[in-house]
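Undergrad: mmCIF, C-alpha atoms and all ligand atoms, file query_19.cif:
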data_target
loop_
_atom_site.label_atom_id
_atom_site.label_comp_id
_atom_site.auth_asym_id
_atom_site.auth_seq_id
_atom_site.Cartn_x
_atom_site.Cartn_y
_atom_site.Cartn_z
CA MET A 235 -99.51 210.07 -109.07
CA ALA A 236 -100.98 213.32 -107.74
CA LEU A 237 -103.35 213.43 -110.67
CA GLY A 238 -104.51 209.88 -109.96
CA VAL A 239 -105.31 210.66 -106.32
CA GLU A 240 -107.14 213.82 -107.26
CA SER A 241 -109.22 212.17 -109.96
CA GLY A 242 -109.97 209.28 -107.59
CA LEU A 243 -111.36 211.68 -104.97
CA SER A 244 -113.56 213.56 -107.37
CA TRP A 245 -114.75 210.42 -109.20
CA PRO A 246 -118.55 210.62 -108.98
CA GLY A 247 -119.01 206.86 -108.78
CA SER A 248 -117.10 206.65 -105.51
CA HIS A 249 -119.90 208.25 -103.51
CA GLY A 250 -122.33 205.66 -104.80
CA GLY A 251 -119.91 202.96 -103.62
CA TYR A 252 -119.83 204.29 -100.06
CA ARG A 253 -123.61 204.56 -99.90
CA LYS A 254 -123.94 200.94 -100.96
CA GLN A 255 -121.57 199.78 -98.22
CA GLU A 256 -123.52 201.74 -95.65
CA GLY A 257 -126.73 200.18 -96.87
CA GLN A 258 -125.28 196.69 -96.49
CA ARG A 259 -124.11 197.43 -93.00
CA GLN A 260 -127.61 198.64 -92.05
CA ARG A 261 -129.16 195.49 -93.45
CA GLY A 262 -126.71 193.43 -91.37
CA GLN A 263 -127.57 195.33 -88.22
CA GLY A 264 -131.24 194.58 -88.76
CA LYS A 265 -130.63 190.80 -88.51
CA PRO A 266 -127.80 190.29 -85.99
CA THR A 267 -128.50 186.60 -85.30
CA TRP A 268 -128.21 185.61 -89.01
CA GLY A 269 -125.43 188.02 -90.13
CA LEU A 270 -122.73 187.10 -87.61
CA PRO A 271 -122.51 183.31 -88.11
CA ARG A 272 -122.74 183.75 -91.88
CA ALA A 273 -119.80 186.18 -91.85
CA LYS A 274 -117.84 183.81 -89.63
CA LYS A 275 -118.58 180.89 -91.95
CA ARG A 276 -117.45 182.92 -94.94
CA LEU A 277 -114.22 183.85 -93.14
CA LEU A 278 -113.63 180.20 -92.25
CA TRP A 279 -114.06 179.15 -95.87
CA GLN A 280 -111.73 181.90 -97.04
CA LEU A 281 -109.08 180.83 -94.53
CA LEU A 282 -109.44 177.19 -95.59
CA LEU A 283 -109.11 178.07 -99.28
CA CYS A 284 -106.07 180.21 -98.57
CA ALA A 285 -104.50 177.39 -96.56
CA PHE A 286 -105.10 174.92 -99.43
CA GLY A 287 -103.65 177.44 -101.90
CA VAL A 288 -100.50 177.93 -99.83
CA LEU A 289 -100.19 174.15 -99.31
CA GLY A 290 -100.60 173.56 -103.07
CA LEU A 291 -97.94 176.12 -103.92
CA TYR A 292 -95.67 174.65 -101.27
CA LEU A 293 -96.08 171.07 -102.51
CA TYR A 294 -96.02 171.68 -106.23
CA GLY A 295 -94.00 174.91 -106.12
CA LEU A 296 -93.61 176.87 -109.28
CA HIS A 297 -94.93 174.02 -111.44
CA ILE A 298 -98.53 175.07 -110.82
CA VAL A 299 -97.77 178.67 -111.68
CA ARG A 300 -95.86 177.59 -114.80
CA TYR A 301 -98.70 175.26 -115.81
CA LEU A 302 -101.23 178.09 -115.47
CA GLU A 303 -98.89 180.34 -117.40
CA GLY A 304 -99.31 177.99 -120.38
CA LEU A 305 -102.95 179.07 -120.57
CA VAL A 306 -102.04 182.73 -121.17
CA PRO A 307 -102.62 183.41 -124.88
CA MET A 308 -99.57 184.66 -126.82
CA GLY A 309 -101.58 186.91 -129.14
CA ILE A 310 -102.66 186.46 -132.75
CA CYS A 311 -101.00 187.14 -136.06
CA PRO A 312 -102.19 190.17 -138.04
CA THR A 313 -104.67 189.15 -140.75
CA ASP A 314 -102.08 189.75 -143.44
CA THR A 315 -99.55 187.07 -142.46
CA ARG A 316 -97.13 187.61 -145.33
CA PRO A 317 -93.82 187.80 -143.50
CA LEU A 318 -92.06 191.11 -143.62
CA LEU A 319 -88.95 191.84 -145.66
CA GLY A 320 -89.20 188.81 -147.94
CA ASP A 321 -87.62 186.16 -145.77
CA ASN A 322 -85.41 184.46 -148.32
CA PHE A 323 -84.37 181.40 -146.33
CA THR A 324 -87.55 179.77 -145.16
CA GLY A 325 -89.66 180.44 -148.24
CA GLY A 326 -93.37 180.06 -147.49
CA LEU A 327 -94.04 179.55 -143.81
CA ARG A 328 -96.90 177.34 -142.60
CA HIS A 329 -98.19 179.68 -139.91
CA TRP A 330 -101.31 177.58 -139.42
CA ALA A 331 -99.26 174.47 -138.53
CA ARG A 332 -98.82 175.76 -134.95
CA PRO A 333 -102.18 177.27 -133.97
CA GLU A 334 -101.38 177.09 -130.23
CA VAL A 335 -98.55 179.64 -130.41
CA LEU A 336 -97.85 183.02 -131.95
CA THR A 337 -96.03 182.61 -135.28
CA CYS A 338 -95.64 186.24 -136.33
CA THR A 339 -95.28 189.65 -134.76
CA SER A 340 -97.50 192.71 -135.16
CA TRP A 341 -94.89 194.06 -137.62
CA ARG A 342 -95.21 190.81 -139.62
CA ALA A 343 -91.83 189.31 -138.78
CA PRO A 344 -92.01 185.51 -138.53
CA ILE A 345 -91.56 183.71 -135.21
CA ILE A 346 -89.89 180.42 -136.09
CA TRP A 347 -91.46 177.38 -134.42
CA ASP A 348 -90.82 173.77 -135.26
CA GLY A 349 -93.17 172.63 -138.03
CA ILE A 350 -93.82 175.99 -139.73
CA PHE A 351 -90.77 175.83 -142.03
CA ASP A 352 -89.14 173.33 -144.36
CA PRO A 353 -85.54 172.79 -143.10
CA HIS A 354 -84.38 171.41 -146.47
CA GLU A 355 -85.58 174.46 -148.34
CA ALA A 356 -83.64 176.72 -145.94
CA GLU A 357 -80.49 174.57 -146.24
CA GLN A 358 -80.61 174.58 -150.04
CA GLU A 359 -81.17 178.31 -150.19
CA ALA A 360 -78.22 179.02 -147.87
CA ARG A 361 -75.97 176.76 -149.96
CA ARG A 362 -77.17 178.40 -153.17
CA GLN A 363 -76.18 181.78 -151.75
CA ASN A 364 -72.75 180.32 -150.81
CA LEU A 365 -72.88 181.88 -147.38
CA THR A 366 -70.31 181.90 -144.64
CA ILE A 367 -71.98 181.86 -141.24
CA GLY A 368 -70.09 183.11 -138.20
CA LEU A 369 -70.67 181.97 -134.63
CA THR A 370 -69.12 184.14 -131.93
CA VAL A 371 -68.73 182.93 -128.38
CA PHE A 372 -66.89 184.35 -125.36
CA ALA A 373 -65.12 182.04 -122.93
CA VAL A 374 -63.34 184.22 -120.43
CA GLY A 375 -61.97 183.04 -117.08
CA ARG A 376 -63.45 179.80 -115.73
CA TYR A 377 -66.20 179.75 -118.38
CA LEU A 378 -63.60 178.28 -120.73
CA GLU A 379 -62.96 174.99 -118.89
CA LYS A 380 -66.53 174.68 -117.74
CA TYR A 381 -68.45 175.14 -120.99
CA LEU A 382 -66.46 175.70 -124.19
CA GLU A 383 -65.67 172.15 -125.25
CA HIS A 384 -69.21 170.86 -124.91
CA PHE A 385 -70.55 173.99 -126.61
CA LEU A 386 -68.28 173.57 -129.65
CA GLU A 387 -68.67 169.79 -129.92
CA SER A 388 -72.45 170.09 -129.87
CA ALA A 389 -72.26 172.93 -132.43
CA GLU A 390 -70.38 170.59 -134.74
CA GLN A 391 -73.33 168.20 -134.52
CA HIS A 392 -76.16 170.69 -134.91
CA PHE A 393 -75.19 174.24 -135.90
CA MET A 394 -75.61 175.05 -139.60
CA VAL A 395 -74.65 171.54 -140.67
CA GLY A 396 -73.55 171.42 -144.34
CA GLN A 397 -72.78 175.16 -144.48
CA SER A 398 -69.52 177.10 -144.34
CA VAL A 399 -69.10 178.00 -140.68
CA VAL A 400 -66.44 179.98 -138.81
CA TYR A 401 -66.33 179.86 -135.02
CA TYR A 402 -64.81 182.91 -133.36
CA VAL A 403 -63.80 182.11 -129.79
CA PHE A 404 -63.03 185.23 -127.76
CA THR A 405 -60.93 184.37 -124.75
CA ASP A 406 -58.31 185.69 -122.34
CA ARG A 407 -56.40 182.36 -122.59
CA PRO A 408 -56.03 181.36 -126.25
CA GLU A 409 -53.61 178.53 -125.35
CA ALA A 410 -56.32 176.81 -123.27
CA VAL A 411 -58.89 176.54 -126.08
CA PRO A 412 -59.54 172.78 -126.49
CA TYR A 413 -58.84 170.99 -129.76
CA ILE A 414 -62.05 170.14 -131.59
CA ALA A 415 -62.16 168.00 -134.76
CA LEU A 416 -64.04 170.19 -137.25
CA GLY A 417 -66.13 169.06 -140.18
CA GLN A 418 -65.41 170.04 -143.78
CA GLY A 419 -65.86 173.73 -144.55
CA ARG A 420 -65.68 174.66 -140.87
CA LEU A 421 -63.00 176.78 -139.21
CA LEU A 422 -62.22 177.98 -135.70
CA ARG A 423 -60.46 181.26 -135.00
CA VAL A 424 -59.31 182.31 -131.57
CA GLU A 425 -59.54 186.01 -130.76
CA PRO A 426 -57.67 187.20 -127.68
CA VAL A 427 -59.43 189.59 -125.28
CA LEU A 428 -58.47 191.16 -121.99
CA ARG A 429 -60.23 189.85 -118.91
CA GLU A 430 -62.46 192.34 -117.12
CA SER A 431 -62.44 191.89 -113.37
CA ARG A 432 -66.25 191.79 -112.80
CA TRP A 433 -68.33 189.14 -114.56
CA GLN A 434 -70.91 191.81 -115.38
CA ASP A 435 -68.20 193.71 -117.25
CA VAL A 436 -67.10 190.57 -119.13
CA SER A 437 -70.69 190.11 -120.27
CA MET A 438 -71.19 193.75 -121.27
CA ALA A 439 -67.75 194.17 -122.88
CA ARG A 440 -68.89 191.68 -125.52
CA MET A 441 -70.86 194.43 -127.27
CA HIS A 442 -67.84 196.67 -127.80
CA THR A 443 -65.53 193.76 -128.74
CA LEU A 444 -68.06 192.40 -131.22
CA HIS A 445 -68.55 195.84 -132.73
CA GLU A 446 -64.82 196.15 -133.40
CA ALA A 447 -64.56 192.59 -134.73
CA LEU A 448 -67.52 193.04 -137.09
CA GLY A 449 -65.76 196.10 -138.50
CA GLY A 450 -62.58 194.04 -139.12
CA PRO A 451 -61.67 190.70 -140.74
CA LEU A 452 -64.63 188.89 -139.11
CA GLY A 453 -67.04 191.24 -140.83
CA GLN A 454 -65.28 190.66 -144.16
CA GLU A 455 -65.32 186.89 -143.82
CA ALA A 456 -68.86 186.19 -142.59
CA ASP A 457 -72.17 187.06 -144.23
CA TYR A 458 -74.36 186.32 -141.21
CA VAL A 459 -73.27 185.99 -137.60
CA PHE A 460 -74.82 184.46 -134.49
CA CYS A 461 -73.60 185.72 -131.10
CA LEU A 462 -74.16 183.17 -128.34
CA ASP A 463 -73.51 182.68 -124.62
CA VAL A 464 -71.17 179.78 -123.92
CA ASP A 465 -73.17 178.30 -121.00
CA GLN A 466 -75.44 176.23 -123.23
CA HIS A 467 -75.18 173.36 -125.73
CA PHE A 468 -76.92 172.32 -128.94
CA THR A 469 -79.35 169.41 -128.87
CA GLY A 470 -81.21 169.84 -132.15
CA ASN A 471 -80.77 171.19 -135.65
CA PHE A 472 -80.05 174.94 -135.60
CA GLY A 473 -79.99 175.65 -139.32
CA PRO A 474 -80.41 178.43 -141.89
CA GLU A 475 -84.11 178.78 -141.03
CA ALA A 476 -82.76 180.98 -138.22
CA LEU A 477 -80.99 183.37 -140.60
CA SER A 478 -82.30 186.85 -141.30
CA ASP A 479 -81.15 190.47 -141.31
CA LEU A 480 -81.79 190.92 -137.56
CA VAL A 481 -82.65 187.93 -135.36
CA ALA A 482 -83.88 187.99 -131.76
CA GLN A 483 -84.48 185.11 -129.35
CA LEU A 484 -87.67 184.91 -127.27
CA HIS A 485 -86.68 184.36 -123.64
CA ALA A 486 -87.74 180.92 -122.42
CA TRP A 487 -88.91 182.18 -119.03
CA HIS A 488 -90.89 185.20 -120.22
CA TYR A 489 -92.58 184.49 -123.56
CA ARG A 490 -96.09 184.35 -122.13
CA TRP A 491 -95.78 187.13 -119.58
CA PRO A 492 -97.78 190.35 -119.95
CA ARG A 493 -95.66 193.24 -121.16
CA TRP A 494 -95.85 195.27 -117.95
CA LEU A 495 -94.35 192.36 -115.96
CA LEU A 496 -91.29 191.89 -118.18
CA PRO A 497 -87.92 192.54 -116.50
CA TYR A 498 -86.94 195.52 -118.66
CA GLU A 499 -84.79 198.27 -117.17
CA ARG A 500 -87.28 200.77 -115.70
CA ASP A 501 -84.90 203.37 -114.28
CA LYS A 502 -85.42 206.38 -116.56
CA ARG A 503 -81.80 207.50 -116.04
CA SER A 504 -80.53 204.40 -117.89
CA ALA A 505 -80.07 204.38 -121.67
CA ALA A 506 -81.78 200.96 -121.60
CA ALA A 507 -84.96 202.25 -119.93
CA LEU A 508 -88.35 201.22 -121.30
CA GLY A 509 -91.59 202.77 -120.08
CA LEU A 510 -94.57 200.69 -118.92
CA GLY A 511 -96.27 200.83 -122.33
CA GLU A 512 -93.08 200.02 -124.21
CA GLY A 513 -91.45 196.77 -125.36
CA ASP A 514 -92.82 194.03 -127.61
CA PHE A 515 -91.33 190.83 -126.16
CA TYR A 516 -88.54 190.02 -123.73
CA TYR A 517 -85.51 188.88 -125.72
CA HIS A 518 -82.69 186.71 -124.42
CA ALA A 519 -79.17 188.03 -124.85
CA ALA A 520 -77.79 184.47 -124.99
CA VAL A 521 -78.72 184.34 -128.71
CA PHE A 522 -78.89 187.13 -131.26
CA GLY A 523 -77.79 187.33 -134.84
CA GLY A 524 -78.09 188.88 -138.26
CA SER A 525 -76.19 190.38 -141.15
CA VAL A 526 -72.86 192.03 -140.43
CA ALA A 527 -74.30 195.51 -141.10
CA ALA A 528 -77.30 195.00 -138.78
CA LEU A 529 -75.10 193.61 -136.01
CA ARG A 530 -72.68 196.54 -136.34
CA LYS A 531 -75.63 198.82 -135.60
CA LEU A 532 -76.90 196.66 -132.72
CA THR A 533 -73.51 196.35 -131.00
CA ALA A 534 -72.78 200.08 -131.44
CA HIS A 535 -76.12 200.98 -129.85
CA CYS A 536 -75.66 198.66 -126.87
CA ALA A 537 -71.99 199.55 -126.30
CA LEU A 538 -72.84 203.26 -126.38
CA GLY A 539 -75.79 202.81 -123.98
CA GLN A 540 -73.60 200.86 -121.57
CA GLN A 541 -70.92 203.58 -121.73
CA ARG A 542 -73.49 206.34 -121.04
CA ASP A 543 -74.79 204.41 -118.03
CA ARG A 544 -71.24 203.92 -116.74
CA GLU A 545 -70.59 207.65 -117.03
CA ARG A 546 -73.69 208.25 -114.89
CA GLY A 547 -72.60 205.63 -112.37
CA ILE A 548 -75.48 203.27 -113.12
CA GLU A 549 -75.82 199.75 -114.54
CA ALA A 550 -78.89 198.32 -116.21
CA LEU A 551 -80.78 195.53 -114.42
CA TRP A 552 -79.77 192.76 -116.84
CA HIS A 553 -76.65 194.43 -118.20
CA ASP A 554 -76.18 193.89 -121.97
CA GLU A 555 -79.55 192.14 -122.15
CA SER A 556 -81.38 195.30 -121.01
CA HIS A 557 -79.67 197.36 -123.71
CA LEU A 558 -80.40 194.67 -126.29
CA ASN A 559 -84.09 194.79 -125.38
CA LYS A 560 -84.09 198.56 -125.78
CA PHE A 561 -82.46 198.19 -129.22
CA PHE A 562 -85.04 195.64 -130.40
CA TRP A 563 -87.84 197.94 -129.24
CA LEU A 564 -86.42 200.80 -131.33
CA TYR A 565 -85.32 198.65 -134.30
CA LYS A 566 -87.62 195.69 -134.78
CA PRO A 567 -86.00 192.32 -135.46
CA THR A 568 -86.84 190.82 -138.85
CA LYS A 569 -87.08 187.31 -137.41
CA LEU A 570 -87.80 185.92 -133.94
CA LEU A 571 -86.75 182.49 -132.74
CA SER A 572 -89.24 180.63 -130.58
CA PRO A 573 -88.10 179.45 -127.12
CA GLU A 574 -87.50 176.05 -128.79
CA PHE A 575 -84.24 177.57 -130.06
CA CYS A 576 -82.92 178.29 -126.55
CA TRP A 577 -84.70 176.36 -123.82
CA ASP A 578 -84.17 175.90 -120.10
CA GLN A 579 -85.03 172.40 -118.90
CA LYS A 580 -85.61 173.76 -115.41
CA ILE A 581 -88.92 175.15 -116.67
CA GLY A 582 -90.19 171.60 -117.07
CA TRP A 583 -92.26 170.01 -119.82
CA LYS A 584 -94.30 172.31 -122.07
CA PRO A 585 -96.51 170.97 -124.86
CA GLU A 586 -95.45 173.70 -127.30
CA ILE A 587 -91.72 172.95 -127.00
CA HIS A 588 -91.38 170.23 -129.65
CA CYS A 589 -87.69 170.17 -130.39
CA PRO A 590 -85.26 172.20 -128.27
CA ARG A 591 -82.19 173.19 -130.29
CA LEU A 592 -80.08 174.79 -127.57
CA LEU A 593 -80.34 173.97 -123.88
CA TRP A 594 -79.11 176.13 -121.04
CA GLU A 595 -76.45 174.54 -118.87
CA PRO A 596 -77.38 174.53 -115.19
CA LYS A 597 -76.31 177.83 -113.64
CA GLU A 598 -73.26 177.29 -111.46
CA TYR A 599 -72.40 180.87 -110.72
CA ALA A 600 -70.45 180.08 -107.55
CA LEU A 601 -68.10 177.99 -109.67
CA VAL A 602 -67.55 180.25 -112.66
CA ARG A 603 -68.14 183.79 -111.43
CA ASN A 604 -65.89 185.76 -109.07
C1 LIG B 1 -81.39 185.43 -118.84
C2 LIG B 1 -80.43 186.31 -118.26
O1 LIG B 1 -80.54 186.62 -117.14
N1 LIG B 1 -79.44 186.76 -119.05
C3 LIG B 1 -78.43 187.64 -118.59
C4 LIG B 1 -77.63 186.92 -117.57
O2 LIG B 1 -77.22 185.76 -118.29
P1 LIG B 1 -76.39 184.59 -117.74
O3 LIG B 1 -76.69 184.41 -116.30
O4 LIG B 1 -76.58 183.45 -118.63
O5 LIG B 1 -74.94 185.21 -117.90
P2 LIG B 1 -73.63 184.39 -118.14
O6 LIG B 1 -73.01 184.07 -116.83
O7 LIG B 1 -73.86 183.29 -119.09
O8 LIG B 1 -72.72 185.50 -118.87
C5 LIG B 1 -72.95 185.79 -120.23
C6 LIG B 1 -71.82 185.21 -121.12
O9 LIG B 1 -70.65 186.02 -121.02
C7 LIG B 1 -69.49 185.20 -121.09
N2 LIG B 1 -68.78 185.30 -119.81
C8 LIG B 1 -69.33 185.92 -118.73
C9 LIG B 1 -68.63 186.09 -117.56
C10 LIG B 1 -67.32 185.56 -117.46
O10 LIG B 1 -66.63 185.65 -116.44
N3 LIG B 1 -66.80 184.91 -118.54
C11 LIG B 1 -67.48 184.77 -119.71
O11 LIG B 1 -66.97 184.17 -120.64
C12 LIG B 1 -69.96 183.79 -121.38
O12 LIG B 1 -70.02 183.59 -122.76
C13 LIG B 1 -71.36 183.82 -120.78
O13 LIG B 1 -72.16 182.80 -121.31
O14 LIG B 1 -76.64 187.75 -117.10
C14 LIG B 1 -75.73 188.24 -118.12
C15 LIG B 1 -74.73 189.13 -117.48
O15 LIG B 1 -75.40 190.11 -116.81
C16 LIG B 1 -76.47 188.95 -119.25
O16 LIG B 1 -77.09 190.13 -118.84
C17 LIG B 1 -77.51 188.02 -119.73
O17 LIG B 1 -78.20 188.62 -120.77
MN MN B 2 -75.59 182.57 -120.12
#
Starting from the file, lay out its structure as structure tokens.

TA:
Amino acid sequence: MALGVESGLSWPGSHGGYRKQEGQRQRGQGKPTWGLPRAKKRLLWQLLLCAFGVLGLYLYGLHIVRYLEGLVPMGICPTDTRPLLGDNFTGGLRHWARPEVLTCTSWRAPIIWDGIFDPHEAEQEARRQNLTIGLTVFAVGRYLEKYLEHFLESAEQHFMVGQSVVYYVFTDRPEAVPYIALGQGRLLRVEPVLRESRWQDVSMARMHTLHEALGGPLGQEADYVFCLDVDQHFTGNFGPEALSDLVAQLHAWHYRWPRWLLPYERDKRSAAALGLGEGDFYYHAAVFGGSVAALRKLTAHCALGQQRDRERGIEALWHDESHLNKFFWLYKPTKLLSPEFCWDQKIGWKPEIHCPRLLWEPKEYALVRN
């Protein structure tokens, strides 16, 4: 800061700026009868425009801002668009099929949008590899009654249909898990957990619990695992096109925001801290996935970061999500899911959201959180 002030004072151009202002003032003084009304008129116009702006924002609220946000470009793919790390589920991707959005990252990982992949090719490839795909979900406290049944029923309709799937439901009340009729080749396992007293701790404790589980029978049974929030439900096909070594979800509210505005943890004391020039995208902790080995690393990193913060008496802004974002900055995901894979209807209609696969449930924190 001190350097900025100093350099600002000694900046040679600044003197020129002052001289110009003085000159303008002198010109104004020379013609008092013309200058004053013109300045008043300008002020009147500015006030009117401001009033219209405020009225517009008041009447149409965030919609205007969100509409304008759609005009912010997402960036362009590097010239060499061959996806990184030989993505073996989607085969060749048709990056050009969605010219209005970003379909790959600067490190050449694909961003999966509707229309750039062939779902049948991905399904066949997953079946050929005889994969078992895990889906972990936590339903602790009132989240169980409120969300779990709809989440699981919709997963039966849309999540990895035709594949071997194991649901792992982590809960403090195993006896209250609803009965769901499961399709062929699909299993549900209930994993008991202790209930943390603060909802923030329930959310963050997932990292440690998942780390342990991935090192145990779950990690032996599943090849790839998706870790999801329970307060959402499937509405479209969420298939093997989403599989990769390390998968991150673009956050529906932030995918067009400039990097410096993203809600990363900025407190340097936190293990999750990212500086102003750091971070690629803002990822949503409600969906992440990957191979068992990659997820062991991710969960270890986040659990350790959370523990360090706790020891220092601090908590990251968005809890586990802040630590997840730090991890994905340090270790780049090999595949990104577009916001179509986890969409919030509250945002309103967006031309680029063709087929939402998961929808957020309305937030009813007063009902489910302590
Ligand atoms: C977009 C966003 O803001 N995301 C963050 C926000 O999500 P959310 O506001 O979506 O958090 P949330 O209430 O869904 O909690 C995360 C998940 O933890 C589980 N759960 C949580 C509490 C509880 O009492 N019982 C229970 O089962 C459940 O699976 C839930 O879906 O806040 C969370 C907690 O800070 C995480 O930081 C999320 O990343
Ligand atoms: Mn959630």

Undergrad: What's around segment 438-443 of chain A at 12 Å? Count only C-alpha atoms, leave out sequence neighbours fewer than 3 positions away in its own chain, and write the answer as a PDB file with C-alpha atoms, in the coordinates of the input.

TA:
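Written out: selection.pdb:
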ATOM      1  CA  THR A 370     -69.120 184.140-131.930  1.00  0.00           C
ATOM      2  CA  VAL A 371     -68.730 182.930-128.380  1.00  0.00           C
ATOM      3  CA  PHE A 372     -66.890 184.350-125.360  1.00  0.00           C
ATOM      4  CA  ALA A 373     -65.120 182.040-122.930  1.00  0.00           C
ATOM      5  CA  VAL A 374     -63.340 184.220-120.430  1.00  0.00           C
ATOM      6  CA  TYR A 402     -64.810 182.910-133.360  1.00  0.00           C
ATOM      7  CA  VAL A 403     -63.800 182.110-129.790  1.00  0.00           C
ATOM      8  CA  PHE A 404     -63.030 185.230-127.760  1.00  0.00           C
ATOM      9  CA  THR A 405     -60.930 184.370-124.750  1.00  0.00           C
ATOM     10  CA  GLU A 425     -59.540 186.010-130.760  1.00  0.00           C
ATOM     11  CA  PRO A 426     -57.670 187.200-127.680  1.00  0.00           C
ATOM     12  CA  VAL A 427     -59.430 189.590-125.280  1.00  0.00           C
ATOM     13  CA  LEU A 428     -58.470 191.160-121.990  1.00  0.00           C
ATOM     14  CA  ARG A 429     -60.230 189.850-118.910  1.00  0.00           C
ATOM     15  CA  GLU A 430     -62.460 192.340-117.120  1.00  0.00           C
ATOM     16  CA  SER A 431     -62.440 191.890-113.370  1.00  0.00           C
ATOM     17  CA  ARG A 432     -66.250 191.790-112.800  1.00  0.00           C
ATOM     18  CA  TRP A 433     -68.330 189.140-114.560  1.00  0.00           C
ATOM     19  CA  GLN A 434     -70.910 191.810-115.380  1.00  0.00           C
ATOM     20  CA  ASP A 435     -68.200 193.710-117.250  1.00  0.00           C
ATOM     21  CA  GLU A 446     -64.820 196.150-133.400  1.00  0.00           C
ATOM     22  CA  ALA A 447     -64.560 192.590-134.730  1.00  0.00           C
ATOM     23  CA  LEU A 448     -67.520 193.040-137.090  1.00  0.00           C
ATOM     24  CA  GLY A 449     -65.760 196.100-138.500  1.00  0.00           C
ATOM     25  CA  GLY A 450     -62.580 194.040-139.120  1.00  0.00           C
ATOM     26  CA  LEU A 452     -64.630 188.890-139.110  1.00  0.00           C
ATOM     27  CA  CYS A 461     -73.600 185.720-131.100  1.00  0.00           C
ATOM     28  CA  LEU A 462     -74.160 183.170-128.340  1.00  0.00           C
ATOM     29  CA  ASP A 463     -73.510 182.680-124.620  1.00  0.00           C
ATOM     30  CA  ALA A 519     -79.170 188.030-124.850  1.00  0.00           C
ATOM     31  CA  ALA A 520     -77.790 184.470-124.990  1.00  0.00           C
ATOM     32  CA  PHE A 522     -78.890 187.130-131.260  1.00  0.00           C
ATOM     33  CA  LEU A 529     -75.100 193.610-136.010  1.00  0.00           C
ATOM     34  CA  ARG A 530     -72.680 196.540-136.340  1.00  0.00           C
ATOM     35  CA  LYS A 531     -75.630 198.820-135.600  1.00  0.00           C
ATOM     36  CA  LEU A 532     -76.900 196.660-132.720  1.00  0.00           C
ATOM     37  CA  THR A 533     -73.510 196.350-131.000  1.00  0.00           C
ATOM     38  CA  ALA A 534     -72.780 200.080-131.440  1.00  0.00           C
ATOM     39  CA  HIS A 535     -76.120 200.980-129.850  1.00  0.00           C
ATOM     40  CA  CYS A 536     -75.660 198.660-126.870  1.00  0.00           C
ATOM     41  CA  ALA A 537     -71.990 199.550-126.300  1.00  0.00           C
ATOM     42  CA  LEU A 538     -72.840 203.260-126.380  1.00  0.00           C
ATOM     43  CA  GLY A 539     -75.790 202.810-123.980  1.00  0.00           C
ATOM     44  CA  GLN A 540     -73.600 200.860-121.570  1.00  0.00           C
ATOM     45  CA  GLN A 541     -70.920 203.580-121.730  1.00  0.00           C
ATOM     46  CA  ASP A 543     -74.790 204.410-118.030  1.00  0.00           C
ATOM     47  CA  ARG A 544     -71.240 203.920-116.740  1.00  0.00           C
ATOM     48  CA  GLU A 549     -75.820 199.750-114.540  1.00  0.00           C
ATOM     49  CA  ALA A 550     -78.890 198.320-116.210  1.00  0.00           C
ATOM     50  CA  LEU A 551     -80.780 195.530-114.420  1.00  0.00           C
ATOM     51  CA  TRP A 552     -79.770 192.760-116.840  1.00  0.00           C
ATOM     52  CA  HIS A 553     -76.650 194.430-118.200  1.00  0.00           C
ATOM     53  CA  ASP A 554     -76.180 193.890-121.970  1.00  0.00           C
ATOM     54  CA  GLU A 555     -79.550 192.140-122.150  1.00  0.00           C
ATOM     55  CA  SER A 556     -81.380 195.300-121.010  1.00  0.00           C
ATOM     56  CA  HIS A 557     -79.670 197.360-123.710  1.00  0.00           C
ATOM     57  CA  LEU A 558     -80.400 194.670-126.290  1.00  0.00           C
TER      58      LEU A 558
END

Undergrad: If I take atom N2 of ligand LIG 1 (chain B) and atom CA of Ala600 of chain A, how far is one from the other in Å, to one decimal?

TA: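 Value for the atom N2 of ligand LIG 1 (chain B)-atom CA of Ala600 of chain A distance: 13.4 Å.
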
Undergrad: Please compute the atom CA of Arg420 of chain A-atom CA of Ala456 of chain A distance, one decimal, in Å.

TA: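 These two atoms are separated by 12.1 Å.
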
Undergrad: Write out as a short mmCIF file (atom, residue, chain, number, x, y, z; two decimals) with C-alpha atoms, in the frame of the given file the residues lying within 10 Å of Glu357 of chain A, counting all atoms listed in the file and excluding same-chain residues fewer than 5 positions away.

TA:
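File produced: out_9.cif:
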data_model
loop_
_atom_site.label_atom_id
_atom_site.label_comp_id
_atom_site.auth_asym_id
_atom_site.auth_seq_id
_atom_site.Cartn_x
_atom_site.Cartn_y
_atom_site.Cartn_z
CA PHE A 323 -84.37 181.40 -146.33
CA THR A 324 -87.55 179.77 -145.16
CA ASP A 352 -89.14 173.33 -144.36
CA ARG A 362 -77.17 178.40 -153.17
CA MET A 394 -75.61 175.05 -139.60
CA VAL A 395 -74.65 171.54 -140.67
CA GLY A 396 -73.55 171.42 -144.34
CA GLN A 397 -72.78 175.16 -144.48
CA GLY A 473 -79.99 175.65 -139.32
CA PRO A 474 -80.41 178.43 -141.89
CA GLU A 475 -84.11 178.78 -141.03
#

Undergrad: Please determine, counting only C-alpha atoms, which residue among A:Leu386, A:Val436, A:Ile310, A:Ala482 has the shortest atom-to-atom distance to Gly417 of chain A.

TA: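 Counting only C-alpha atoms, the residue closest to Gly417 of chain A is A:Leu386.
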
Undergrad: Around ligand MN 2 (chain B), at most 10 Å away and counting all atoms listed in the file, which residues are there? Put them as a PyMOL selection string, please.

TA: chain A and resi 377+437+462-466+518-521+594-597

Undergrad: So which one's closest to Ile367 of chain A, A:Pro497, A:Gly513, A:Pro573, A:Gly453? Using all atoms listed in the file, please.

TA: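 The answer is A:Gly453, which sits nearest to Ile367 of chain A.
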